[in-house]
file upload_8.cif (mmCIF, C-alpha atoms)
data_input
#
loop_
_atom_site.group_PDB
_atom_site.id
_atom_site.type_symbol
_atom_site.label_atom_id
_atom_site.label_comp_id
_atom_site.auth_asym_id
_atom_site.auth_seq_id
_atom_site.Cartn_x
_atom_site.Cartn_y
_atom_site.Cartn_z
ATOM 1 C CA MET A 20 0.000 0.000 0.000
ATOM 2 C CA SER A 21 1.298 3.438 -0.832
ATOM 3 C CA LYS A 22 2.005 6.064 1.819
ATOM 4 C CA PHE A 23 1.253 9.771 1.969
ATOM 5 C CA GLY A 24 4.085 11.956 0.700
ATOM 6 C CA LEU A 25 4.514 15.690 0.446
ATOM 7 C CA TYR A 26 6.988 18.053 -1.147
ATOM 8 C CA GLY A 27 6.364 21.321 0.677
ATOM 9 C CA LYS A 28 7.998 24.451 -0.661
ATOM 10 C CA CYS A 29 8.263 27.393 1.705
ATOM 11 C CA ILE A 30 9.383 30.744 0.336
ATOM 12 C CA ALA A 31 10.994 32.713 3.153
ATOM 13 C CA GLN A 32 10.674 36.445 3.620
ATOM 14 C CA PRO A 33 13.807 38.124 2.196
ATOM 15 C CA GLY A 34 16.834 37.349 4.376
ATOM 16 C CA LYS A 35 14.908 34.916 6.569
ATOM 17 C CA ARG A 36 15.632 31.600 4.858
ATOM 18 C CA ASP A 37 18.220 30.332 7.309
ATOM 19 C CA GLU A 38 16.106 31.275 10.308
ATOM 20 C CA LEU A 39 13.115 29.477 8.794
ATOM 21 C CA ALA A 40 15.270 26.434 7.980
ATOM 22 C CA GLN A 41 16.221 26.305 11.656
ATOM 23 C CA VAL A 42 12.544 26.248 12.695
ATOM 24 C CA LEU A 43 11.883 23.458 10.185
ATOM 25 C CA LEU A 44 14.850 21.440 11.488
ATOM 26 C CA GLU A 45 13.345 21.786 14.972
ATOM 27 C CA ALA A 46 10.072 20.471 13.542
ATOM 28 C CA ALA A 47 12.061 17.542 12.099
ATOM 29 C CA SER A 48 13.440 16.818 15.595
ATOM 30 C CA LEU A 49 9.907 16.788 17.012
ATOM 31 C CA MET A 50 8.901 14.320 14.305
ATOM 32 C CA GLU A 51 11.489 11.798 15.598
ATOM 33 C CA ALA A 52 8.963 10.929 18.312
ATOM 34 C CA VAL A 53 5.939 10.835 15.978
ATOM 35 C CA GLU A 54 5.413 7.254 14.908
ATOM 36 C CA GLY A 55 3.398 7.907 11.755
ATOM 37 C CA CYS A 56 6.129 10.111 10.295
ATOM 38 C CA GLU A 57 8.757 8.217 8.291
ATOM 39 C CA LEU A 58 10.567 11.152 6.669
ATOM 40 C CA TYR A 59 10.813 14.847 7.396
ATOM 41 C CA VAL A 60 13.820 16.215 5.533
ATOM 42 C CA VAL A 61 14.752 19.887 5.123
ATOM 43 C CA ASN A 62 16.474 21.086 1.948
ATOM 44 C CA ILE A 63 17.578 24.378 0.413
ATOM 45 C CA THR A 64 18.505 24.999 -3.222
ATOM 46 C CA ASP A 65 20.886 27.288 -5.111
ATOM 47 C CA GLU A 66 18.251 27.558 -7.841
ATOM 48 C CA GLU A 67 15.945 29.638 -5.619
ATOM 49 C CA PRO A 68 17.710 31.396 -2.756
ATOM 50 C CA ASP A 69 14.576 32.066 -0.660
ATOM 51 C CA ALA A 70 13.110 28.574 -1.005
ATOM 52 C CA ILE A 71 13.125 25.647 1.411
ATOM 53 C CA TRP A 72 11.822 22.262 0.312
ATOM 54 C CA VAL A 73 10.580 19.853 2.975
ATOM 55 C CA THR A 74 10.245 16.186 1.984
ATOM 56 C CA GLU A 75 7.712 14.299 4.081
ATOM 57 C CA VAL A 76 6.477 10.716 4.099
ATOM 58 C CA TRP A 77 3.694 9.582 6.431
ATOM 59 C CA VAL A 78 2.059 6.190 6.923
ATOM 60 C CA ASP A 79 -1.176 7.823 5.782
ATOM 61 C CA GLN A 80 -2.789 11.247 5.396
ATOM 62 C CA ALA A 81 -4.515 10.982 8.789
ATOM 63 C CA ALA A 82 -1.118 10.678 10.524
ATOM 64 C CA HIS A 83 -0.011 13.903 8.843
ATOM 65 C CA GLN A 84 -3.221 15.717 9.801
ATOM 66 C CA GLY A 85 -2.871 14.482 13.369
ATOM 67 C CA SER A 86 0.638 15.919 13.673
ATOM 68 C CA LEU A 87 -0.684 19.396 12.882
ATOM 69 C CA THR A 88 -2.840 19.324 16.015
ATOM 70 C CA LEU A 89 0.071 18.654 18.415
ATOM 71 C CA GLU A 90 0.770 21.569 20.760
ATOM 72 C CA SER A 91 4.479 21.438 19.925
ATOM 73 C CA THR A 92 3.744 21.626 16.185
ATOM 74 C CA LYS A 93 1.361 24.555 16.689
ATOM 75 C CA MET A 94 4.043 26.476 18.565
ATOM 76 C CA LEU A 95 6.536 25.948 15.756
ATOM 77 C CA ILE A 96 3.968 26.986 13.130
ATOM 78 C CA GLN A 97 3.440 30.186 15.138
ATOM 79 C CA ARG A 98 7.200 30.849 15.150
ATOM 80 C CA GLY A 99 7.589 30.026 11.465
ATOM 81 C CA ARG A 100 4.597 31.889 10.061
ATOM 82 C CA PRO A 101 6.053 35.452 10.146
ATOM 83 C CA LEU A 102 9.138 34.166 8.296
ATOM 84 C CA ILE A 103 7.105 32.743 5.393
ATOM 85 C CA ALA A 104 6.172 34.708 2.259
ATOM 86 C CA GLY A 105 4.502 31.833 0.398
ATOM 87 C CA MET A 106 3.925 28.095 0.247
ATOM 88 C CA GLU A 107 3.285 25.432 -2.371
ATOM 89 C CA GLN A 108 2.715 21.717 -1.991
ATOM 90 C CA ILE A 109 2.932 18.677 -4.216
ATOM 91 C CA LYS A 110 0.889 15.808 -2.766
ATOM 92 C CA LEU A 111 2.344 12.384 -3.506
ATOM 93 C CA GLN A 112 1.616 8.715 -3.147
ATOM 94 C CA THR A 113 4.876 7.216 -1.967
ATOM 95 C CA LEU A 114 5.316 3.777 -3.503
ATOM 96 C CA GLY A 115 8.489 2.768 -1.649
ATOM 97 C CA GLY A 116 12.248 2.790 -2.010
ATOM 98 C CA LYS A 117 15.426 3.064 0.010
ATOM 99 C CA GLY A 118 14.939 4.851 3.325
ATOM 100 C CA ILE A 119 11.242 3.923 3.645
ATOM 101 C CA LYS A 120 9.928 1.089 5.851
ATOM 102 C CA MET B 5 27.697 19.587 6.406
ATOM 103 C CA SER B 6 24.846 19.425 3.954
ATOM 104 C CA LYS B 7 24.276 16.478 1.634
ATOM 105 C CA PHE B 8 23.350 16.282 -2.031
ATOM 106 C CA GLY B 9 19.627 16.002 -2.646
ATOM 107 C CA LEU B 10 17.571 15.664 -5.789
ATOM 108 C CA TYR B 11 13.907 15.786 -6.700
ATOM 109 C CA GLY B 12 13.804 14.099 -10.084
ATOM 110 C CA LYS B 13 10.583 14.280 -12.060
ATOM 111 C CA CYS B 14 10.121 11.757 -14.835
ATOM 112 C CA ILE B 15 7.209 12.162 -17.233
ATOM 113 C CA ALA B 16 6.283 8.757 -18.590
ATOM 114 C CA GLN B 17 5.140 8.089 -22.131
ATOM 115 C CA PRO B 18 1.323 7.843 -22.164
ATOM 116 C CA GLY B 19 0.163 4.680 -20.396
ATOM 117 C CA LYS B 20 3.689 3.776 -19.249
ATOM 118 C CA ARG B 21 3.810 5.340 -15.796
ATOM 119 C CA ASP B 22 3.316 2.157 -13.802
ATOM 120 C CA GLU B 23 5.900 0.273 -15.868
ATOM 121 C CA LEU B 24 8.397 3.097 -15.377
ATOM 122 C CA ALA B 25 7.648 3.215 -11.628
ATOM 123 C CA GLN B 26 8.502 -0.483 -11.489
ATOM 124 C CA VAL B 27 11.894 0.157 -13.113
ATOM 125 C CA LEU B 28 12.549 2.979 -10.632
ATOM 126 C CA LEU B 29 11.593 0.747 -7.686
ATOM 127 C CA GLU B 30 14.151 -1.772 -8.996
ATOM 128 C CA ALA B 31 16.700 1.050 -9.054
ATOM 129 C CA ALA B 32 15.767 1.786 -5.435
ATOM 130 C CA SER B 33 16.453 -1.872 -4.563
ATOM 131 C CA LEU B 34 19.893 -1.636 -6.183
ATOM 132 C CA MET B 35 20.600 1.468 -4.116
ATOM 133 C CA GLU B 36 20.153 -0.538 -0.888
ATOM 134 C CA ALA B 37 23.714 -1.803 -1.452
ATOM 135 C CA VAL B 38 25.157 1.591 -2.422
ATOM 136 C CA GLU B 39 26.639 3.143 0.682
ATOM 137 C CA GLY B 40 26.634 6.779 -0.455
ATOM 138 C CA CYS B 41 22.886 6.692 -1.111
ATOM 139 C CA GLU B 42 20.735 7.547 1.916
ATOM 140 C CA LEU B 43 17.363 7.946 0.234
ATOM 141 C CA TYR B 44 15.882 6.811 -3.057
ATOM 142 C CA VAL B 45 12.106 7.060 -2.818
ATOM 143 C CA VAL B 46 9.624 6.647 -5.668
ATOM 144 C CA ASN B 47 6.370 8.647 -5.686
ATOM 145 C CA ILE B 48 3.436 9.222 -8.007
ATOM 146 C CA THR B 49 0.878 12.028 -7.802
ATOM 147 C CA ASP B 50 -2.798 12.473 -8.653
ATOM 148 C CA GLU B 51 -1.995 16.029 -9.738
ATOM 149 C CA GLU B 52 -0.094 14.813 -12.829
ATOM 150 C CA PRO B 53 -1.026 11.312 -13.927
ATOM 151 C CA ASP B 54 2.075 10.693 -16.090
ATOM 152 C CA ALA B 55 4.599 11.989 -13.549
ATOM 153 C CA ILE B 56 6.866 10.105 -11.170
ATOM 154 C CA TRP B 57 8.896 11.996 -8.567
ATOM 155 C CA VAL B 58 12.045 10.377 -7.208
ATOM 156 C CA THR B 59 13.448 11.782 -3.955
ATOM 157 C CA GLU B 60 17.174 11.172 -3.566
ATOM 158 C CA VAL B 61 19.695 12.046 -0.859
ATOM 159 C CA TRP B 62 23.406 11.246 -1.282
ATOM 160 C CA VAL B 63 26.354 11.852 1.031
ATOM 161 C CA ASP B 64 27.746 14.103 -1.712
ATOM 162 C CA GLN B 65 27.391 14.792 -5.430
ATOM 163 C CA ALA B 66 30.335 12.506 -6.280
ATOM 164 C CA ALA B 67 28.504 9.530 -4.734
ATOM 165 C CA HIS B 68 25.523 10.239 -6.997
ATOM 166 C CA GLN B 69 27.707 10.584 -10.097
ATOM 167 C CA GLY B 70 29.502 7.353 -9.201
ATOM 168 C CA SER B 71 26.216 5.437 -9.020
ATOM 169 C CA LEU B 72 25.440 6.353 -12.632
ATOM 170 C CA THR B 73 28.534 4.473 -13.808
ATOM 171 C CA LEU B 74 27.526 1.142 -12.193
ATOM 172 C CA GLU B 75 26.733 -1.559 -14.771
ATOM 173 C CA SER B 76 23.478 -2.393 -12.983
ATOM 174 C CA THR B 77 22.381 1.262 -13.091
ATOM 175 C CA LYS B 78 23.240 1.537 -16.775
ATOM 176 C CA MET B 79 21.088 -1.506 -17.565
ATOM 177 C CA LEU B 80 18.116 0.014 -15.729
ATOM 178 C CA ILE B 81 18.607 3.354 -17.489
ATOM 179 C CA GLN B 82 18.509 1.464 -20.779
ATOM 180 C CA ARG B 83 15.241 -0.222 -19.783
ATOM 181 C CA GLY B 84 13.719 2.995 -18.485
ATOM 182 C CA ARG B 85 14.694 5.354 -21.312
ATOM 183 C CA PRO B 86 12.038 4.283 -23.891
ATOM 184 C CA LEU B 87 9.335 4.764 -21.224
ATOM 185 C CA ILE B 88 10.318 8.379 -20.527
ATOM 186 C CA ALA B 89 8.892 11.402 -22.360
ATOM 187 C CA GLY B 90 10.661 14.086 -20.305
ATOM 188 C CA MET B 91 12.643 14.833 -17.182
ATOM 189 C CA GLU B 92 13.190 17.737 -14.791
ATOM 190 C CA GLN B 93 15.396 18.026 -11.741
ATOM 191 C CA ILE B 94 15.573 20.227 -8.687
ATOM 192 C CA LYS B 95 19.034 20.088 -7.114
ATOM 193 C CA LEU B 96 19.037 20.472 -3.347
ATOM 194 C CA GLN B 97 21.333 20.835 -0.400
ATOM 195 C CA THR B 98 19.883 18.531 2.218
ATOM 196 C CA LEU B 99 20.351 20.065 5.652
ATOM 197 C CA GLY B 100 19.047 17.152 7.716
ATOM 198 C CA GLY B 101 15.893 15.859 9.340
ATOM 199 C CA LYS B 102 14.104 12.666 10.253
ATOM 200 C CA GLY B 103 15.131 9.704 8.104
ATOM 201 C CA ILE B 104 18.598 11.104 7.315
ATOM 202 C CA LYS B 105 21.785 9.964 9.087
#

call {"tool": "encode", "arguments": {"input": "upload_8.cif", "output": "C-alpha cells"}}
result
Amino acid sequence: MSKFGLYGKCIAQPGKRDELAQVLLEAASLMEAVEGCELYVVNITDEEPDAIWVTEVWVDQAAHQGSLTLESTKMLIQRGRPLIAGMEQIKLQTLGGKGIK
Amino acid sequence: MSKFGLYGKCIAQPGKRDELAQVLLEAASLMEAVEGCELYVVNITDEEPDAIWVTEVWVDQAAHQGSLTLESTKMLIQRGRPLIAGMEQIKLQTLGGKGIK
C-alpha cells in the first residue's frame, strides 16, 4: 500500500531563509517521536535562494493531519509563520524505495 | 555539512507510468547496497497522472555521479529510457531531518 508523501515548498521572507530552515529542522526533531512520520527532511537549493523544500512521508494522510494538532507543532507553526512569504505543496503517493519502511 | 539532494521528475510516455515506476523501484532496490545513497524514494501524484517523482539524498554529489557508472544502473537506465517522455530536476542541499543519518 502506498504512503502519503509531500513536497512542501516554503518561500521565506527576504533574508529569513536560514532562520526558517532552523525552525523546520526543529520540527524535524519533534517528528522523531511521531510514529506515523517516516521522513521529514529539510532542503535548500541554489536555484531559488529564498526557497526551502521539505520532503515528508507519512504512513497515511490521517497521521499527517494528526501531527498538525500537536501543541508542539502549533508552537513551531506560530514561530515560522512570520518568516514565510509563500507556500506550495505537491501531494504524492509514496510507492516505496530506500529509506522507507 | 549538507548532503546532495535531488527531486527528479520523470514524465512517462502515455500509459507507461506504472511500468516506469517499477523500473525505478528496482533502481531503489539496487541502491540498498550503495553506501553513499541515503534515500531513493519513488512517488506518483494524482496532480499529474504521467509523472513520477524520485526523492534522492546522497552523502555528496560525487557519490551520486559514481552510481550512474555502475553496470546495474546503466542496464536500468537502458530499460527505463524508452518509457520516458521528459525529465526535470531540482538540485538540493539537504540540511538534515528525520530519516537522514

call {"tool": "resolve_selection", "arguments": {"input": "upload_8.cif", "expression": "the PyMOL selection byres ((chain B and resi 91) around 6)", "output": "ChimeraX atom specification"}}
result
/B:13-14,90,92

call {"tool": "residues_near_point", "arguments": {"input": "upload_8.cif", "point": "(0.3, 7.9, 6.0)", "cutoff": "8 Å", "atoms": "only C-alpha atoms", "output": "ChimeraX atom specification"}}
result
/A:22-24,55-56,76-83

call {"tool": "closest_residue", "arguments": {"input": "upload_8.cif", "among": "B:Met5, B:Leu43, B:Ile88, B:Met79", "to": "chain A", "atoms": "only C-alpha atoms"}}
result
B:Leu43

call {"tool": "calpha_fit_and_write", "arguments": {"input": "upload_8.cif", "fixed": "chain A", "moving": "chain B", "output": "tab-separated table (two decimals) with C-alpha atoms, in the frame of the given file"}}
result
chain	number	residue	atom	x	y	z
B	5	MET	CA	-0.01	0.00	0.00
B	6	SER	CA	1.28	3.44	-0.82
B	7	LYS	CA	2.00	6.06	1.82
B	8	PHE	CA	1.26	9.77	1.97
B	9	GLY	CA	4.08	11.94	0.70
B	10	LEU	CA	4.52	15.68	0.44
B	11	TYR	CA	7.00	18.05	-1.14
B	12	GLY	CA	6.35	21.31	0.68
B	13	LYS	CA	8.00	24.44	-0.66
B	14	CYS	CA	8.26	27.39	1.70
B	15	ILE	CA	9.38	30.75	0.33
B	16	ALA	CA	11.00	32.71	3.14
B	17	GLN	CA	10.68	36.44	3.61
B	18	PRO	CA	13.81	38.13	2.20
B	19	GLY	CA	16.84	37.36	4.37
B	20	LYS	CA	14.91	34.91	6.57
B	21	ARG	CA	15.62	31.60	4.86
B	22	ASP	CA	18.23	30.34	7.30
B	23	GLU	CA	16.10	31.28	10.31
B	24	LEU	CA	13.11	29.49	8.79
B	25	ALA	CA	15.26	26.43	7.98
B	26	GLN	CA	16.22	26.31	11.65
B	27	VAL	CA	12.55	26.25	12.70
B	28	LEU	CA	11.88	23.46	10.19
B	29	LEU	CA	14.86	21.45	11.48
B	30	GLU	CA	13.34	21.78	14.97
B	31	ALA	CA	10.07	20.46	13.53
B	32	ALA	CA	12.05	17.54	12.10
B	33	SER	CA	13.44	16.83	15.59
B	34	LEU	CA	9.91	16.79	17.02
B	35	MET	CA	8.90	14.32	14.32
B	36	GLU	CA	11.49	11.81	15.60
B	37	ALA	CA	8.96	10.92	18.31
B	38	VAL	CA	5.94	10.83	15.98
B	39	GLU	CA	5.42	7.25	14.90
B	40	GLY	CA	3.39	7.91	11.75
B	41	CYS	CA	6.13	10.11	10.29
B	42	GLU	CA	8.77	8.23	8.30
B	43	LEU	CA	10.56	11.14	6.67
B	44	TYR	CA	10.82	14.84	7.39
B	45	VAL	CA	13.82	16.22	5.53
B	46	VAL	CA	14.76	19.88	5.13
B	47	ASN	CA	16.49	21.09	1.95
B	48	ILE	CA	17.59	24.37	0.41
B	49	THR	CA	18.51	25.00	-3.22
B	50	ASP	CA	20.88	27.29	-5.11
B	51	GLU	CA	18.26	27.56	-7.84
B	52	GLU	CA	15.94	29.65	-5.62
B	53	PRO	CA	17.71	31.39	-2.76
B	54	ASP	CA	14.59	32.06	-0.66
B	55	ALA	CA	13.11	28.57	-1.00
B	56	ILE	CA	13.12	25.65	1.41
B	57	TRP	CA	11.81	22.26	0.31
B	58	VAL	CA	10.58	19.85	2.98
B	59	THR	CA	10.25	16.19	1.98
B	60	GLU	CA	7.71	14.31	4.08
B	61	VAL	CA	6.48	10.71	4.10
B	62	TRP	CA	3.69	9.58	6.44
B	63	VAL	CA	2.07	6.18	6.92
B	64	ASP	CA	-1.17	7.82	5.78
B	65	GLN	CA	-2.77	11.25	5.39
B	66	ALA	CA	-4.50	10.98	8.79
B	67	ALA	CA	-1.11	10.68	10.52
B	68	HIS	CA	-0.01	13.91	8.84
B	69	GLN	CA	-3.22	15.73	9.78
B	70	GLY	CA	-2.88	14.48	13.36
B	71	SER	CA	0.63	15.92	13.66
B	72	LEU	CA	-0.68	19.40	12.88
B	73	THR	CA	-2.85	19.32	16.01
B	74	LEU	CA	0.07	18.64	18.40
B	75	GLU	CA	0.76	21.57	20.75
B	76	SER	CA	4.47	21.44	19.93
B	77	THR	CA	3.73	21.64	16.19
B	78	LYS	CA	1.36	24.55	16.69
B	79	MET	CA	4.04	26.49	18.58
B	80	LEU	CA	6.54	25.96	15.75
B	81	ILE	CA	3.97	26.99	13.15
B	82	GLN	CA	3.45	30.18	15.14
B	83	ARG	CA	7.20	30.85	15.15
B	84	GLY	CA	7.59	30.01	11.48
B	85	ARG	CA	4.59	31.90	10.07
B	86	PRO	CA	6.06	35.46	10.16
B	87	LEU	CA	9.15	34.17	8.30
B	88	ILE	CA	7.12	32.76	5.40
B	89	ALA	CA	6.17	34.71	2.26
B	90	GLY	CA	4.50	31.84	0.40
B	91	MET	CA	3.93	28.11	0.25
B	92	GLU	CA	3.27	25.43	-2.37
B	93	GLN	CA	2.70	21.72	-1.99
B	94	ILE	CA	2.92	18.68	-4.21
B	95	LYS	CA	0.89	15.80	-2.77
B	96	LEU	CA	2.34	12.38	-3.50
B	97	GLN	CA	1.61	8.71	-3.14
B	98	THR	CA	4.87	7.21	-1.96
B	99	LEU	CA	5.31	3.77	-3.49
B	100	GLY	CA	8.48	2.77	-1.65
B	101	GLY	CA	12.24	2.79	-2.00
B	102	LYS	CA	15.42	3.06	0.01
B	103	GLY	CA	14.95	4.85	3.33
B	104	ILE	CA	11.25	3.93	3.63
B	105	LYS	CA	9.96	1.09	5.84

call {"tool": "atom_distance", "arguments": {"input": "upload_8.cif", "atom1": "CA of Asn62 (chain A)", "atom2": "CA of Leu96 (chain B)"}}
result
5.9 Å

call {"tool": "resolve_selection", "arguments": {"input": "upload_8.cif", "expression": "the PyMOL selection byres ((chain A) within 8 of (chain B))", "output": "number ranges by chain"}}
result
A: 24, 44, 47-48, 50-51, 57-66, 109-119

call {"tool": "write_last_selection", "arguments": {"input": "upload_8.cif", "atoms": "C-alpha atoms", "output": "CSV table (one decimal), keeping the file's coordinate frame"}}
result
chain,number,residue,atom,x,y,z
A,24,GLY,CA,4.1,12.0,0.7
A,44,LEU,CA,14.8,21.4,11.5
A,47,ALA,CA,12.1,17.5,12.1
A,48,SER,CA,13.4,16.8,15.6
A,50,MET,CA,8.9,14.3,14.3
A,51,GLU,CA,11.5,11.8,15.6
A,57,GLU,CA,8.8,8.2,8.3
A,58,LEU,CA,10.6,11.2,6.7
A,59,TYR,CA,10.8,14.8,7.4
A,60,VAL,CA,13.8,16.2,5.5
A,61,VAL,CA,14.8,19.9,5.1
A,62,ASN,CA,16.5,21.1,1.9
A,63,ILE,CA,17.6,24.4,0.4
A,64,THR,CA,18.5,25.0,-3.2
A,65,ASP,CA,20.9,27.3,-5.1
A,66,GLU,CA,18.3,27.6,-7.8
A,109,ILE,CA,2.9,18.7,-4.2
A,110,LYS,CA,0.9,15.8,-2.8
A,111,LEU,CA,2.3,12.4,-3.5
A,112,GLN,CA,1.6,8.7,-3.1
A,113,THR,CA,4.9,7.2,-2.0
A,114,LEU,CA,5.3,3.8,-3.5
A,115,GLY,CA,8.5,2.8,-1.6
A,116,GLY,CA,12.2,2.8,-2.0
A,117,LYS,CA,15.4,3.1,0.0
A,118,GLY,CA,14.9,4.9,3.3
A,119,ILE,CA,11.2,3.9,3.6

call {"tool": "residues_near_point", "arguments": {"input": "upload_8.cif", "point": "(7.1, 30.5, 9.4)", "cutoff": "9 Å", "atoms": "only C-alpha atoms", "output": "NGL selection string"}}
result
:A and (29 or 31 or 39 or 42-43 or 95-104)

call {"tool": "write_last_selection", "arguments": {"input": "upload_8.cif", "atoms": "C-alpha atoms", "output": "compact mmCIF listing (two decimals), in the frame of the given file"}}
result
# COMPACT_ATOMS: atom_id res chain seq x y z
CA CYS A 29 8.26 27.39 1.70
CA ALA A 31 10.99 32.71 3.15
CA LEU A 39 13.12 29.48 8.79
CA VAL A 42 12.54 26.25 12.70
CA LEU A 43 11.88 23.46 10.18
CA LEU A 95 6.54 25.95 15.76
CA ILE A 96 3.97 26.99 13.13
CA GLN A 97 3.44 30.19 15.14
CA ARG A 98 7.20 30.85 15.15
CA GLY A 99 7.59 30.03 11.46
CA ARG A 100 4.60 31.89 10.06
CA PRO A 101 6.05 35.45 10.15
CA LEU A 102 9.14 34.17 8.30
CA ILE A 103 7.10 32.74 5.39
CA ALA A 104 6.17 34.71 2.26

call {"tool": "closest_residue", "arguments": {"input": "upload_8.cif", "among": "B:Lys105, B:Gly12, B:Val38, B:Glu23", "to": "Thr77 (chain B)", "atoms": "only C-alpha atoms"}}
result
B:Val38

call {"tool": "atom_distance", "arguments": {"input": "upload_8.cif", "atom1": "CA of Leu87 (chain A)", "atom2": "CA of Gln108 (chain A)"}}
result
15.4 Å

call {"tool": "atom_distance", "arguments": {"input": "upload_8.cif", "atom1": "CA of Leu74 (chain B)", "atom2": "CA of Glu39 (chain B)"}}
result
13.1 Å

call {"tool": "axis_aligned_box", "arguments": {"input": "upload_8.cif", "around": "region 95-104 of chain A", "padding_each_side": "5 Å", "output": "lines of an AutoDock Vina configuration file"}}
result
center_x = 6.3
center_y = 30.7
center_z = 9.0
size_x = 15.7
size_y = 19.5
size_z = 23.5

call {"tool": "decode", "arguments": {"input": "upload_8.cif", "residues": "region 68-75 of chain B", "atoms": "all heavy atoms", "output": "compact mmCIF listing (two decimals), in the first residue's frame"}}
result
# COMPACT_ATOMS: atom_id res chain seq x y z
N HIS B 68 26.60 10.36 -6.00
CA HIS B 68 25.52 10.24 -7.00
C HIS B 68 26.09 9.97 -8.38
O HIS B 68 25.66 9.06 -9.09
CB HIS B 68 24.68 11.52 -7.00
CG HIS B 68 23.63 11.52 -8.07
ND1 HIS B 68 23.67 12.36 -9.15
CD2 HIS B 68 22.53 10.75 -8.23
CE1 HIS B 68 22.64 12.11 -9.93
NE2 HIS B 68 21.92 11.16 -9.39
N GLN B 69 27.07 10.76 -8.78
CA GLN B 69 27.71 10.58 -10.10
C GLN B 69 28.25 9.16 -10.24
O GLN B 69 28.09 8.52 -11.27
CB GLN B 69 28.86 11.59 -10.27
CG GLN B 69 28.41 13.00 -10.65
CD GLN B 69 27.62 13.03 -11.96
OE1 GLN B 69 27.91 12.30 -12.89
NE2 GLN B 69 26.59 13.86 -12.00
N GLY B 70 28.92 8.69 -9.18
CA GLY B 70 29.50 7.35 -9.20
C GLY B 70 28.45 6.28 -9.46
O GLY B 70 28.70 5.32 -10.21
N SER B 71 27.26 6.46 -8.88
CA SER B 71 26.22 5.44 -9.02
C SER B 71 25.77 5.30 -10.47
O SER B 71 25.33 4.23 -10.90
CB SER B 71 25.02 5.78 -8.14
OG SER B 71 24.25 6.83 -8.72
N LEU B 72 25.90 6.39 -11.24
CA LEU B 72 25.44 6.35 -12.63
C LEU B 72 26.38 5.54 -13.52
O LEU B 72 26.02 5.18 -14.64
CB LEU B 72 25.31 7.79 -13.18
CG LEU B 72 24.33 8.70 -12.44
CD1 LEU B 72 24.37 10.12 -12.99
CD2 LEU B 72 22.91 8.15 -12.51
N THR B 73 27.57 5.24 -13.01
CA THR B 73 28.53 4.47 -13.81
C THR B 73 28.47 2.97 -13.50
O THR B 73 29.14 2.18 -14.15
CB THR B 73 29.98 4.96 -13.54
OG1 THR B 73 30.32 4.64 -12.18
CG2 THR B 73 30.10 6.47 -13.73
N LEU B 74 27.67 2.57 -12.50
CA LEU B 74 27.53 1.14 -12.19
C LEU B 74 26.85 0.42 -13.36
O LEU B 74 25.89 0.94 -13.94
CB LEU B 74 26.67 0.94 -10.93
CG LEU B 74 27.20 1.54 -9.63
CD1 LEU B 74 26.13 1.42 -8.53
CD2 LEU B 74 28.47 0.81 -9.20
N GLU B 75 27.33 -0.78 -13.67
CA GLU B 75 26.73 -1.56 -14.77
C GLU B 75 25.24 -1.78 -14.55
O GLU B 75 24.43 -1.66 -15.46
CB GLU B 75 27.43 -2.92 -14.90
CG GLU B 75 28.68 -2.91 -15.77
CD GLU B 75 28.52 -2.15 -17.08
OE1 GLU B 75 27.57 -2.44 -17.84
OE2 GLU B 75 29.34 -1.23 -17.34
